[in-house]
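*Asks:* Let me give you the structure first, and then I'll get to my questions.
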Amino acid sequence: EVSGMAVAAAVSLYLQIVMGWDGDRPRDFAYIMIVTVTLTTMAWLAVTFMTHPEPDKTLTAFHRRVRPQGPGWKPVAAMSGPVVVHGSLRRELANALLGCVLVYSALFGVGQILLRSAALGLGLLLTSALAAVLIARNLEHPDGDSATRAAAAS
């Protein structure tokens with residue numbers, strides 16, 4: 001990750017400062033993006049394959065602490081032994097999407113209130129608040145409808 005960020009910054013600055021490509025001109029911006037993404041990806045993959053992977057001990061400790069899900073973590077999960085996983089990958093992806101809705105609705109909502117339409121802005125802020133409530137509910141009850149389960153358990 002660090003190599004990718006460093007190469008992206010270096011390439012982008014080189015193209016704009018040394019080569020004189022202007023990021024404000026659409027064609028130059030497109031070229032800057034194409035070259036930067038290509039060289040960054042090449043460098044990132046080279047560094048990934050040239051460096052040693054993390055030791056199994058580090059990966060299993062990370063897995064026990066964070067409990068990442070998905071098919072790529074199955075070998076590490078097998079080494080980690082039984083770990084209680086709360087929630088699901090689907091719910092985590094839903095939270096990520098809701099987080100985007102929250103941020104962009106809040107951003108555009110404030111912009112609408114300040115610059116254009118207060119009604120639309122308030123609607124967007126309400127959408128943002130709803131996304132926040134849904135995320136909070138998902139984080140508080142990662143196993144699904146726990147309000148019903150809690151009532152049944154009492």
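In the structure tokens, chains take letters A, B, ... by order of appearance, with residues numbered from 1 within each chain and ligands from 1 in the order shown.
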Can you list, as a VMD selection string, every protein, DNA or RNA residue that comes within 12 Å of Met79 (chain A) when you count only C-alpha atoms, leaving out same-chain residues fewer than 2 positions away?
*Replies:* chain A and resid 55 to 64 73 to 77 81 to 83
*Asks:* Can you list, as a JSON list (two decimals) with C-alpha atoms, in the first residue's frame, every protein, DNA or RNA residue that comes within 10 Å of Gly23 (chain A) when you count only C-alpha atoms, leaving out same-chain residues fewer than 5 positions away?
*Replies:*
```
[["chain", "number", "residue", "atom", "x", "y", "z"],
["A", 12, "SER", "CA", 1.65, 12.21, -10.92],
["A", 15, "LEU", "CA", 4.02, 14.14, -15.21],
["A", 16, "GLN", "CA", 2.67, 17.50, -14.12],
["A", 28, "ASP", "CA", -3.87, 15.80, -20.15],
["A", 29, "PHE", "CA", -5.85, 14.72, -17.10],
["A", 30, "ALA", "CA", -6.87, 11.51, -18.88],
["A", 31, "TYR", "CA", -3.25, 10.79, -19.83],
["A", 32, "ILE", "CA", -2.06, 11.53, -16.29],
["A", 33, "MET", "CA", -4.62, 9.08, -14.92]]
```
*Asks:* Taking the chain letters and numbering used in this document, name the residues of region 26-134 of chain A that DSSP puts in alpha helix (DSSP H), as a PyMOL selection string.
*Replies:* chain A and resi 26-50+56-66+74-80+89-115+118-134
*Asks:* Tell me which of A:Ala78, A:Leu139, A:Val47, A:Ala118 sits closest to Arg91 (chain A), counting only C-alpha atoms.
*Replies:* A:Leu139
*Asks:* Quick one: of A:Ala119, A:Leu107, A:Leu114, A:Val133, who's nearest to Asn95 (chain A), counting only C-alpha atoms?
*Replies:* A:Val133
*Asks:* Which of these, A:Ser88, A:Asp24, A:Leu115, A:Ala129, has the shortest distance to Leu102 (chain A) once you count only C-alpha atoms?
*Replies:* A:Ala129
*Asks:* Hey, what's within 9 Å of Leu126 (chain A) if we count only C-alpha atoms and toss same-chain stuff fewer than 4 positions away? As a PyMOL selection string, please?
*Replies:* chain A and resi 105-106+109+121-122+130-131
*Asks:* At what distance in Å, to one decimal, does CA of Val103 (chain A) lie from CA of Asn138 (chain A)?
*Replies:*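 According to the coordinates, CA of Asn138 (chain A) and CA of Val103 (chain A) are separated by 17.1 Å.
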*Asks:* Got a sec: who's within 10 Å of Leu39 (chain A), counting only C-alpha atoms, leaving out chain neighbours fewer than 3 positions off, as a ChimeraX atom specification?
*Replies:* /A:4,7-8,11,33-36,42-45
*Asks:* Quick one: residues within 9 Å of Leu89 (chain A), only C-alpha atoms, excluding same-chain residues fewer than 3 positions away - as a PDB file with N, CA and C atoms, in the first residue's frame?
*Replies:*
```
ATOM      1  N   PRO A  68     -11.753 -11.026   9.762  1.00  0.00           N
ATOM      2  CA  PRO A  68     -12.174 -10.717   8.394  1.00  0.00           C
ATOM      3  C   PRO A  68     -12.860 -11.932   7.773  1.00  0.00           C
ATOM      4  N   GLN A  69     -13.779 -11.659   6.874  1.00  0.00           N
ATOM      5  CA  GLN A  69     -14.523 -12.737   6.235  1.00  0.00           C
ATOM      6  C   GLN A  69     -14.215 -12.764   4.755  1.00  0.00           C
ATOM      7  N   GLY A  70     -14.728 -13.746   4.096  1.00  0.00           N
ATOM      8  CA  GLY A  70     -14.546 -13.867   2.666  1.00  0.00           C
ATOM      9  C   GLY A  70     -13.671 -15.048   2.329  1.00  0.00           C
ATOM     10  N   GLU A  92     -21.695  -6.629   6.266  1.00  0.00           N
ATOM     11  CA  GLU A  92     -20.568  -5.694   6.256  1.00  0.00           C
ATOM     12  C   GLU A  92     -20.539  -4.893   4.960  1.00  0.00           C
ATOM     13  N   LEU A  93     -20.824  -5.549   3.838  1.00  0.00           N
ATOM     14  CA  LEU A  93     -20.880  -4.823   2.569  1.00  0.00           C
ATOM     15  C   LEU A  93     -22.049  -3.841   2.561  1.00  0.00           C
ATOM     16  N   ALA A  94     -23.172  -4.248   3.155  1.00  0.00           N
ATOM     17  CA  ALA A  94     -24.312  -3.328   3.263  1.00  0.00           C
ATOM     18  C   ALA A  94     -23.925  -2.112   4.096  1.00  0.00           C
TER      19      ALA A  94
END
```
